[in-house]
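Visitor: CSV, C-alpha atoms and all ligand atoms, file my_file.csv:
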```
chain,number,residue,atom,x,y,z
Y,11,MET,CA,99.0,116.4,124.7
Y,12,VAL,CA,102.4,114.9,124.3
Y,13,SER,CA,105.0,117.0,122.6
Y,14,ILE,CA,105.1,114.5,119.7
Y,15,ASP,CA,102.3,112.2,118.8
Y,16,ILE,CA,103.8,109.0,117.3
Y,17,GLU,CA,100.4,107.9,116.1
Y,18,THR,CA,100.3,110.7,113.5
Y,19,GLU,CA,102.3,111.0,110.3
Y,20,ASP,CA,103.5,114.4,111.3
Y,21,GLY,CA,104.8,113.0,114.6
Y,22,GLN,CA,106.5,110.1,112.8
Y,23,ARG,CA,108.2,112.4,110.4
Y,24,GLU,CA,109.3,114.7,113.3
Y,25,ILE,CA,110.8,111.7,115.1
Y,26,LEU,CA,112.7,110.7,111.9
Y,27,ARG,CA,113.9,114.3,111.4
Y,28,ARG,CA,115.2,114.4,115.0
Y,29,MET,CA,117.1,111.1,114.6
Y,30,LEU,CA,118.6,112.2,111.3
Y,31,THR,CA,119.6,115.5,112.9
Y,32,ILE,CA,121.5,113.8,115.6
Y,33,ARG,CA,123.2,111.5,113.1
Y,34,ALA,CA,124.2,114.4,110.9
Y,35,PHE,CA,125.3,116.6,113.8
Y,36,ASP,CA,127.5,113.9,115.4
Y,37,THR,CA,128.9,112.8,112.1
Y,38,LYS,CA,130.0,116.4,111.5
Y,39,ALA,CA,131.3,116.8,115.0
Y,40,GLY,CA,133.4,113.6,114.6
Y,41,GLU,CA,134.8,114.9,111.3
Y,42,LEU,CA,135.6,118.3,112.8
Y,43,PHE,CA,137.3,116.8,115.8
Y,44,ALA,CA,139.4,114.5,113.6
Y,45,ASP,CA,140.4,117.6,111.6
Y,46,GLY,CA,141.6,119.3,114.8
Y,47,GLU,CA,138.9,122.0,114.5
Y,48,LEU,CA,137.3,121.4,117.9
Y,49,PRO,CA,138.9,121.8,121.3
Y,50,GLY,CA,138.3,119.4,124.2
Y,51,PHE,CA,136.6,116.0,123.7
Y,52,VAL,CA,133.5,114.8,121.9
Y,53,HIS,CA,131.5,111.7,122.7
Y,54,LEU,CA,129.3,110.8,119.8
Y,55,TYR,CA,125.7,109.5,120.1
Y,56,ILE,CA,125.7,107.8,116.6
Y,57,GLY,CA,123.8,104.5,116.9
Y,58,GLU,CA,121.8,105.5,120.0
Y,59,GLU,CA,119.5,108.0,118.4
Y,60,ALA,CA,116.3,106.0,119.1
Y,61,VAL,CA,116.8,106.2,122.9
Y,62,GLY,CA,117.0,110.0,123.2
Y,63,VAL,CA,114.4,110.7,120.5
Y,64,GLY,CA,112.0,108.0,121.6
Y,65,ALA,CA,112.2,109.0,125.3
Y,66,ILE,CA,112.0,112.8,124.9
Y,67,SER,CA,109.3,112.6,122.2
Y,68,ALA,CA,107.1,110.9,124.8
Y,69,LEU,CA,107.6,113.8,127.3
Y,70,GLU,CA,105.7,117.1,127.5
Y,71,GLU,CA,107.4,120.3,126.5
Y,72,GLN,CA,107.6,121.5,130.1
Y,73,ASP,CA,109.4,118.4,131.4
Y,74,TYR,CA,113.0,118.3,132.5
Y,75,ILE,CA,115.9,116.0,131.3
Y,76,THR,CA,119.4,115.5,132.7
Y,77,SER,CA,122.0,114.3,130.3
Y,78,THR,CA,125.5,112.7,130.2
Y,79,HIS,CA,128.9,113.3,128.7
Y,80,ARG,CA,127.4,111.8,125.5
Y,81,GLY,CA,124.7,114.5,125.4
Y,82,HIS,CA,124.3,115.9,121.8
Y,83,GLY,CA,121.4,113.6,121.0
Y,84,HIS,CA,119.6,114.6,124.2
Y,85,CYS,CA,119.9,118.3,123.4
Y,86,ILE,CA,118.7,117.8,119.8
Y,87,SER,CA,115.8,115.7,121.0
Y,88,LYS,CA,114.8,118.4,123.5
Y,89,GLY,CA,114.7,120.9,120.6
Y,90,LEU,CA,117.9,122.8,121.1
Y,91,ASP,CA,119.3,124.8,118.3
Y,92,THR,CA,122.1,123.1,116.4
Y,93,TYR,CA,124.0,126.3,115.5
Y,94,GLN,CA,124.2,127.3,119.2
Y,95,MET,CA,125.3,123.7,120.0
Y,96,MET,CA,127.9,123.8,117.3
Y,97,ALA,CA,129.1,127.2,118.5
Y,98,GLU,CA,129.5,125.7,122.0
Y,99,LEU,CA,131.6,122.9,120.6
Y,100,TYR,CA,133.8,125.4,118.9
Y,101,GLY,CA,134.1,127.5,122.1
Y,102,LYS,CA,132.4,130.5,120.6
Y,103,ARG,CA,130.4,133.2,122.3
Y,104,ASP,CA,127.2,132.2,120.5
Y,105,GLY,CA,127.2,128.8,122.2
Y,106,TYR,CA,124.8,127.7,124.9
Y,107,CYS,CA,127.4,128.5,127.6
Y,108,ASN,CA,128.9,131.4,125.7
Y,109,GLY,CA,131.6,129.0,124.6
Y,110,LYS,CA,132.9,128.3,128.1
Y,111,GLY,CA,131.4,124.8,128.5
Y,112,GLY,CA,132.0,122.8,125.4
Y,113,SER,CA,130.4,119.5,124.4
Y,114,MET,CA,130.0,118.1,127.9
Y,115,HIS,CA,128.3,121.1,129.5
Y,116,ILE,CA,125.6,122.1,127.0
Y,117,ALA,CA,122.6,123.2,129.0
Y,118,ASP,CA,119.4,125.2,128.4
Y,119,VAL,CA,117.4,125.4,131.6
Y,120,ASP,CA,114.5,127.3,129.9
Y,121,ALA,CA,114.1,124.4,127.5
Y,122,GLY,CA,114.1,121.9,130.4
Y,123,MET,CA,117.6,120.6,129.5
Y,124,LEU,CA,119.4,120.7,132.8
Y,125,GLY,CA,122.7,119.9,131.4
Y,126,ALA,CA,125.1,117.5,129.8
Y,127,ASN,CA,127.5,116.3,132.5
Y,128,GLY,CA,131.1,115.2,132.6
Y,129,ILE,CA,130.6,113.4,135.9
Y,130,VAL,CA,129.4,109.9,135.3
Y,131,GLY,CA,126.2,109.3,137.3
Y,132,ALA,CA,125.5,112.9,138.2
Y,133,GLY,CA,122.2,113.2,136.3
Y,134,PRO,CA,119.9,111.0,138.4
Y,135,PRO,CA,120.2,113.0,141.7
Y,136,LEU,CA,119.7,116.2,139.7
Y,137,ALA,CA,116.6,114.7,138.1
Y,138,THR,CA,115.3,113.7,141.6
Y,139,GLY,CA,115.8,117.3,142.7
Y,140,ALA,CA,113.9,118.7,139.7
Y,141,ALA,CA,111.1,116.1,140.3
Y,142,LEU,CA,111.0,117.2,144.0
Y,143,THR,CA,110.7,120.8,142.9
Y,144,ALA,CA,107.8,120.0,140.5
Y,145,ASP,CA,106.1,117.9,143.2
Y,146,TYR,CA,106.6,120.6,145.9
Y,147,LYS,CA,105.2,123.4,143.6
Y,148,GLY,CA,102.4,121.1,142.4
Y,149,GLU,CA,103.4,121.5,138.7
Y,150,ASP,CA,102.7,118.9,136.1
Y,151,LYS,CA,106.4,118.4,135.2
Y,152,VAL,CA,108.4,115.2,135.1
Y,153,ALA,CA,112.1,114.8,135.2
Y,154,LEU,CA,113.9,112.2,133.1
Y,155,ALA,CA,117.5,111.2,133.7
Y,156,PHE,CA,119.6,109.6,131.1
Y,157,PHE,CA,122.7,107.7,132.3
Y,158,GLY,CA,124.9,104.9,131.0
Y,159,ASP,CA,125.5,101.3,132.0
Y,160,GLY,CA,128.8,102.6,133.4
Y,161,ALA,CA,126.9,104.8,135.7
Y,162,VAL,CA,124.5,102.2,137.2
Y,163,ALA,CA,126.9,101.2,139.9
Y,164,GLN,CA,127.6,104.8,141.0
Y,165,GLY,CA,126.5,105.6,144.5
Y,166,GLN,CA,124.7,108.8,143.7
Y,167,VAL,CA,122.6,107.1,141.1
Y,168,HIS,CA,121.1,104.9,143.8
Y,169,GLU,CA,120.7,107.8,146.2
Y,170,GLY,CA,118.7,109.6,143.5
Y,171,ILE,CA,116.5,106.6,142.7
Y,172,ASN,CA,115.9,105.7,146.3
Y,173,LEU,CA,114.7,109.1,147.3
Y,174,ALA,CA,112.5,109.4,144.2
Y,175,ALA,CA,111.0,106.0,144.8
Y,176,THR,CA,110.5,106.6,148.5
Y,177,TRP,CA,108.8,109.9,148.0
Y,178,ASP,CA,106.9,108.9,144.8
Y,179,LEU,CA,108.4,111.7,142.9
Y,180,PRO,CA,107.7,112.3,139.2
Y,181,ALA,CA,111.0,111.0,137.8
Y,182,ILE,CA,112.0,108.6,135.1
Y,183,PHE,CA,115.3,106.8,135.0
Y,184,VAL,CA,116.6,105.7,131.6
Y,185,VAL,CA,119.7,103.7,131.3
Y,186,GLU,CA,121.3,103.8,127.9
Y,187,ASN,CA,122.9,100.3,128.0
Y,188,ASN,CA,125.3,100.6,125.0
Y,189,HIS,CA,127.2,97.6,126.5
Y,190,PHE,CA,130.4,99.5,127.3
Y,191,GLY,CA,131.6,101.9,130.0
Y,192,GLU,CA,134.6,103.2,128.1
Y,193,ALA,CA,136.4,100.0,127.2
Y,194,THR,CA,134.8,97.7,129.8
Y,195,PRO,CA,132.1,95.4,128.6
Y,196,MET,CA,128.8,95.3,130.4
Y,197,GLU,CA,129.4,91.7,131.7
Y,198,GLN,CA,132.6,92.9,133.5
Y,199,GLN,CA,130.8,95.7,135.2
Y,200,HIS,CA,127.6,94.1,136.5
Y,201,ASN,CA,126.5,90.8,137.9
Y,202,VAL,CA,123.0,91.0,136.4
Y,203,GLU,CA,121.9,90.3,132.8
Y,204,HIS,CA,119.4,93.1,132.7
Y,205,LEU,CA,120.1,96.4,134.4
Y,206,SER,CA,116.4,96.9,134.9
Y,207,ALA,CA,116.8,94.5,137.8
Y,208,THR,CA,117.9,97.6,139.7
Y,209,ALA,CA,114.3,98.6,140.0
Y,210,GLU,CA,113.5,95.7,142.2
Y,211,ALA,CA,115.6,97.1,145.0
Y,212,TYR,CA,113.5,100.2,145.1
Y,213,ASP,CA,110.1,98.5,144.5
Y,214,ILE,CA,109.4,100.5,141.4
Y,215,PRO,CA,108.5,99.2,137.9
Y,216,GLY,CA,111.5,98.3,135.8
Y,217,PHE,CA,111.6,97.4,132.1
Y,218,THR,CA,114.2,96.5,129.4
Y,219,VAL,CA,113.3,97.8,126.0
Y,220,ASP,CA,114.8,97.5,122.6
Y,221,GLY,CA,116.8,100.7,122.4
Y,222,MET,CA,117.1,100.4,118.6
Y,223,ASP,CA,113.3,100.7,118.2
Y,224,VAL,CA,112.2,104.2,118.7
Y,225,THR,CA,108.6,103.2,119.1
Y,226,ALA,CA,109.4,100.8,121.9
Y,227,VAL,CA,111.3,103.5,123.8
Y,228,TYR,CA,108.5,106.0,123.2
Y,229,GLU,CA,105.8,103.7,124.5
Y,230,ALA,CA,107.8,102.7,127.6
Y,231,VAL,CA,108.5,106.4,128.5
Y,232,LYS,CA,104.9,107.5,127.7
Y,233,GLU,CA,103.6,105.0,130.2
Y,234,ALA,CA,106.3,106.0,132.7
Y,235,ARG,CA,105.3,109.6,132.3
Y,236,GLU,CA,101.6,108.9,133.0
Y,237,ARG,CA,102.7,107.0,136.1
Y,238,ALA,CA,104.9,109.8,137.3
Y,239,SER,CA,102.5,112.6,136.7
Y,240,SER,CA,99.7,110.8,138.4
Y,241,GLY,CA,101.7,110.5,141.6
Y,242,GLU,CA,102.6,106.9,141.3
Y,243,GLY,CA,106.4,107.6,141.4
Y,244,PRO,CA,109.3,106.7,139.2
Y,245,THR,CA,110.0,104.0,136.6
Y,246,PHE,CA,113.3,102.5,135.7
Y,247,ILE,CA,113.8,101.8,132.0
Y,248,GLU,CA,116.9,100.1,130.4
Y,249,ALA,CA,117.2,100.7,126.7
Y,250,ASP,CA,119.4,98.2,125.0
Y,251,THR,CA,121.5,100.1,122.4
Y,252,TYR,CA,125.0,100.4,121.0
Y,253,ARG,CA,127.4,103.2,120.1
Y,254,TYR,CA,128.8,102.8,116.6
Y,255,GLU,CA,131.8,105.1,117.2
Y,256,GLY,CA,134.5,104.9,119.8
Y,257,HIS,CA,134.0,106.0,123.4
Y,258,PHE,CA,135.5,109.3,122.5
Y,259,GLU,CA,136.9,110.4,119.1
Y,260,GLY,CA,140.3,108.9,118.8
Y,261,ASP,CA,139.5,105.7,120.7
Y,262,HIS,CA,141.2,102.8,118.8
Y,263,GLN,CA,138.7,100.3,120.2
Y,264,PRO,CA,140.8,97.2,120.8
Y,265,TYR,CA,137.9,95.9,122.9
Y,266,ARG,CA,135.6,95.0,120.0
Y,267,THR,CA,135.6,94.0,116.4
Y,268,GLU,CA,134.2,95.6,113.3
Y,269,GLU,CA,131.9,92.5,113.0
Y,270,ASP,CA,130.4,93.3,116.4
Y,271,ILE,CA,129.6,96.8,115.2
Y,272,GLU,CA,128.2,95.6,111.9
Y,273,LEU,CA,125.7,93.3,113.7
Y,274,TRP,CA,124.2,96.3,115.4
Y,275,LYS,CA,124.3,98.5,112.3
Y,276,ASP,CA,122.1,95.8,110.6
Y,277,ARG,CA,119.5,96.8,113.2
Y,278,ASP,CA,120.0,100.6,112.7
Y,279,ALA,CA,117.2,102.5,114.3
Y,280,ILE,CA,116.9,105.2,111.6
Y,281,GLU,CA,116.8,102.7,108.8
Y,282,THR,CA,114.3,100.4,110.6
Y,283,PHE,CA,111.9,103.3,111.5
Y,284,LYS,CA,112.2,104.8,108.0
Y,285,ASN,CA,111.4,101.4,106.4
Y,286,ARG,CA,108.4,101.0,108.6
Y,287,LEU,CA,107.1,104.5,107.6
Y,288,VAL,CA,107.8,103.8,103.9
Y,289,GLU,CA,105.8,100.5,104.1
Y,290,ALA,CA,103.0,102.3,105.9
Y,291,GLY,CA,103.0,105.0,103.2
Y,292,ALA,CA,103.9,107.8,105.7
Y,293,ILE,CA,106.9,108.8,103.7
Y,294,THR,CA,108.6,107.8,100.4
Y,295,GLN,CA,112.2,106.8,100.0
Y,296,GLU,CA,112.7,110.0,97.9
Y,297,GLU,CA,111.2,112.2,100.6
Y,298,PHE,CA,113.4,110.5,103.2
Y,299,GLU,CA,116.5,111.2,101.2
Y,300,GLU,CA,115.4,114.8,100.6
Y,301,MET,CA,114.9,115.2,104.3
Y,302,ARG,CA,118.3,113.7,105.1
Y,303,ASP,CA,120.1,116.0,102.5
Y,304,GLU,CA,118.4,119.1,103.9
Y,305,ILE,CA,119.4,118.3,107.4
Y,306,GLU,CA,123.0,117.6,106.4
Y,307,ALA,CA,123.1,120.9,104.6
Y,308,GLU,CA,121.7,122.7,107.7
Y,309,ILE,CA,124.4,121.1,109.9
Y,310,ASP,CA,127.1,122.0,107.4
Y,311,ASP,CA,125.9,125.6,107.5
Y,312,ALA,CA,125.7,125.6,111.3
Y,313,ALA,CA,129.3,124.4,111.5
Y,314,GLU,CA,130.6,127.0,109.0
Y,315,ARG,CA,128.8,129.8,110.8
Y,316,ALA,CA,130.2,128.5,114.2
Y,317,LYS,CA,133.7,128.4,112.8
Y,318,GLU,CA,133.4,132.0,111.7
Y,319,ALA,CA,131.8,133.2,115.0
Y,320,ASP,CA,133.7,135.2,117.7
Y,321,TYR,CA,135.3,133.7,120.7
Y,322,PRO,CA,134.3,135.2,124.0
Y,323,ASP,CA,136.5,138.1,125.1
Y,324,PRO,CA,139.0,137.2,127.9
Y,325,SER,CA,137.4,140.0,129.9
Y,326,GLU,CA,134.2,137.9,130.0
Y,327,ALA,CA,136.0,134.9,131.7
Y,328,TYR,CA,134.3,135.4,135.1
Y,329,GLU,CA,130.9,136.1,133.7
Y,330,ASP,CA,128.0,133.6,133.9
Y,331,MET,CA,129.8,131.6,136.6
Y,332,PHE,CA,128.0,132.8,139.7
Y,333,ASN,CA,124.3,133.1,140.7
Y,334,ALA,CA,123.8,136.9,140.6
Y,335,THR,CA,120.7,136.6,142.8
Y,336,VAL,CA,122.8,135.7,145.8
Y,337,PRO,CA,124.4,139.0,147.1
Y,338,GLU,CA,127.4,137.3,148.9
Y,339,ILE,CA,128.3,135.3,145.8
Y,340,ASN,CA,127.8,138.4,143.6
Y,341,ASP,CA,130.2,140.3,145.9
Y,342,PHE,CA,132.7,137.5,145.8
Y,343,ALA,CA,132.5,137.4,142.0
Y,344,ALA,CA,133.1,141.1,141.7
Y,345,ARG,CA,136.2,140.8,143.9
Y,346,MET,CA,137.4,137.9,141.8
Y,347,ARG,CA,137.0,139.9,138.6
Y,348,ALA,CA,138.8,142.9,140.2
Y,349,ASP,CA,141.9,141.0,141.2
Y,350,GLY,CA,142.0,138.7,138.2
Y,351,GLY,CA,141.0,135.6,140.1
Y,352,GLU,CA,143.9,135.6,142.6
Y,353,ARG,CA,142.1,133.8,145.4
G,1,LIG,C1,132.5,110.0,138.3
G,1,LIG,C2,133.3,109.7,137.1
G,1,LIG,N1,134.0,108.6,137.0
G,1,LIG,C3,134.7,108.3,135.9
G,1,LIG,C4,134.7,109.1,134.8
G,1,LIG,C5,135.4,108.8,133.5
G,1,LIG,N2,134.5,108.3,132.5
G,1,LIG,C6,134.0,109.1,131.6
G,1,LIG,S1,132.9,108.4,130.6
G,1,LIG,C7,133.1,106.9,131.4
G,1,LIG,C8,132.3,105.7,131.0
G,1,LIG,C9,130.8,105.9,131.1
G,1,LIG,O1,130.2,104.8,130.6
G,1,LIG,P1,128.6,104.8,130.5
G,1,LIG,O2,128.0,105.4,131.7
G,1,LIG,O3,128.2,103.4,130.1
G,1,LIG,O4,128.3,105.8,129.3
G,1,LIG,P2,128.7,105.7,127.7
G,1,LIG,O5,130.1,106.4,127.6
G,1,LIG,O6,128.8,104.3,127.4
G,1,LIG,O7,127.6,106.5,127.0
G,1,LIG,C10,134.0,107.0,132.5
G,1,LIG,C11,134.3,105.9,133.4
G,1,LIG,C12,133.9,110.3,134.9
G,1,LIG,N3,133.8,111.1,133.9
G,1,LIG,N4,133.2,110.5,136.1
G,2,MG,MG,127.9,102.7,128.2
```
Output the file's structure as structure tokens, nothing else.
Ligand SMILES: Cc1ncc(C[n+]2csc(CCOP(=O)(O)OP(=O)(O)O)c2C)c(N)n1
Ligand SMILES: [Mg+2]

Guide:
Amino acid sequence: MVSIDIETEDGQREILRRMLTIRAFDTKAGELFADGELPGFVHLYIGEEAVGVGAISALEEQDYITSTHRGHGHCISKGLDTYQMMAELYGKRDGYCNGKGGSMHIADVDAGMLGANGIVGAGPPLATGAALTADYKGEDKVALAFFGDGAVAQGQVHEGINLAATWDLPAIFVVENNHFGEATPMEQQHNVEHLSATAEAYDIPGFTVDGMDVTAVYEAVKEARERASSGEGPTFIEADTYRYEGHFEGDHQPYRTEEDIELWKDRDAIETFKNRLVEAGAITQEEFEEMRDEIEAEIDDAAERAKEADYPDPSEAYEDMFNATVPEINDFAARMRADGGER
């Protein structure tokens, strides 16, 4: 059983709900950042919702994902709690990393979310490692790595894909080609038209799908998962998508025009999927608006609660940093705490 069945009306509504949740969460995060409420940086996933939701909805509950610096959408797609996420953005103790990680380090290993990552290209080798673990233990688990067009030329991405391909590991590599790595357009980063050409070098299947179409992403990943879990190795999927907002909040975006953005907004994934469901009678426009309003209220509430929540105490600064199961590290951590970190 897949975690979400896109063939059913319940599954379709859940997919819509998740895409709307990402849109509402990141819209709120952008507003809060602009108001000076949030420390650090936020990179918004608005416009790219169909990729995270389509891909993760096609996985099983027990599967792993690795994420990027633009990770809120992956977290929500994997079912993470929006209050705990918001608390993490605020640096509060209730956050996923007790407020010590922030937007780019949200992780929930128990949920199979192996972490957002501030290091561009760091996800694929982690996914290969998780896939190797699953393979070694004989568990039916697949590891899916999300990474950007800007990560495709990173060395460690290729090391990860090469090993997974050579050892037929249960991995899936999903490139979110949003056409920019920071301010650099795709054509100035790569010599190929489609990044899925990368797959040829490793003799694995490679596809480019419409990343504004949640169904297309879902179907590609579902097929990739079947291949991975039956021992046939990894698949490389390029999802063609676009970010509506700047690279980070505060980016003045001299590298593109409002018209460029509007062209993609005309193909908005949420609007397209919703219209398809309305036509099929799976949801009415009124039900859709009700769903959207409820989600926005939930996110507002999560943000208000996170704002009021406690910060971690300074005495907790060295907690959760070391693997307590390794005695030497434990000992080192205890000494660090004792002398206030003077080493
Ligand atoms: C190893 C490394 N190099 C450079 C950076 C700086 N950096 C942060 S995001 C980014 C662009 C990433 O572009 P892409 O992978 O396409 O992801 P997108 O932001 O478009 O989602 C860069 C170069 C970094 N964080 N890590
Ligand atoms: Mg990009």

Visitor: Using only C-alpha atoms and all ligand atoms, what table do you get, as a Markdown table, when you list each residue of chain Y with an atom no more than 7 Å from ligand LIG 1 (chain G), its nearest pair of atoms, and their distance in Å rounded to one decimal, rows by chain then rising number?

Guide:
```
| residue | atom | partner | partner_atom | distance |
| --- | --- | --- | --- | --- |
| Y:His79 | CA | G:LIG1 | S1 | 6.6 |
| Y:Arg80 | CA | G:LIG1 | O7 | 5.5 |
| Y:Gly128 | CA | G:LIG1 | N3 | 5.1 |
| Y:Ile129 | CA | G:LIG1 | N4 | 3.9 |
| Y:Val130 | CA | G:LIG1 | N4 | 3.9 |
| Y:Gly131 | CA | G:LIG1 | C1 | 6.4 |
| Y:Phe157 | CA | G:LIG1 | O2 | 5.8 |
| Y:Gly158 | CA | G:LIG1 | O2 | 3.2 |
| Y:Asp159 | CA | G:LIG1 | O3 | 3.9 |
| Y:Gly160 | CA | G:LIG1 | O2 | 3.4 |
| Y:Ala161 | CA | G:LIG1 | O2 | 4.2 |
| Y:Glu186 | CA | G:LIG1 | O7 | 6.9 |
| Y:Asn187 | CA | G:LIG1 | O3 | 6.5 |
| Y:Asn188 | CA | G:LIG1 | O6 | 5.6 |
| Y:His189 | CA | G:LIG1 | O3 | 6.9 |
| Y:Phe190 | CA | G:LIG1 | O6 | 5.1 |
| Y:Gly191 | CA | G:LIG1 | O1 | 3.3 |
| Y:Glu192 | CA | G:LIG1 | C8 | 4.5 |
| Y:His257 | CA | G:LIG1 | O5 | 5.7 |
```

Visitor: Hey, can you check how far atom CA of Ile247 of chain Y sits from atom CA of Phe156 of chain Y?

Guide: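 Going from atom CA of Ile247 of chain Y over to atom CA of Phe156 of chain Y covers 9.8 Å.
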
Visitor: Compile the contact shell of segment 283-297 of chain Y as a VMD selection string: residues with an atom at most 9 Å away, counting only C-alpha atoms, same-chain residues fewer than 5 positions apart removed.

Guide: chain Y and resid 19 to 20 22 to 23 26 223 to 225 278 302

Visitor: I'd like the neighbourhood of Gly109 of chain Y as a PyMOL selection string, where a residue qualifies if any of its atoms comes within 10 Å (using all atoms listed in the file), though same-chain residues fewer than 6 positions away should be ignored.

Guide: chain Y and resi 94-103+115-116+320-322

Visitor: Suppose you want the space between atom CA of Phe258 of chain Y and atom CA of Ala60 of chain Y; what is it in Å?

Guide: 19.8 Å

Visitor: Go through Y:Trp177, Y:Tyr228, Y:Trp274, Y:Tyr252 one by one, measure the shortest atom-to-atom distance of each to ligand MG 2 (chain G) using only C-alpha atoms and all ligand atoms, and give the residue with the smallest value.

Guide: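 Going through Y:Trp177, Y:Tyr228, Y:Trp274, Y:Tyr252 one by one, the smallest distance to ligand MG 2 (chain G) is for Y:Tyr252.
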
Visitor: Pick out the residues sitting within 7 Å of segment 259-270 of chain Y, and hand them over as a list in words; count only C-alpha atoms, and ignore anything fewer than 5 positions along from it in its own chain.

Guide: Gly40, Val52, His53 and Ala193 of chain Y
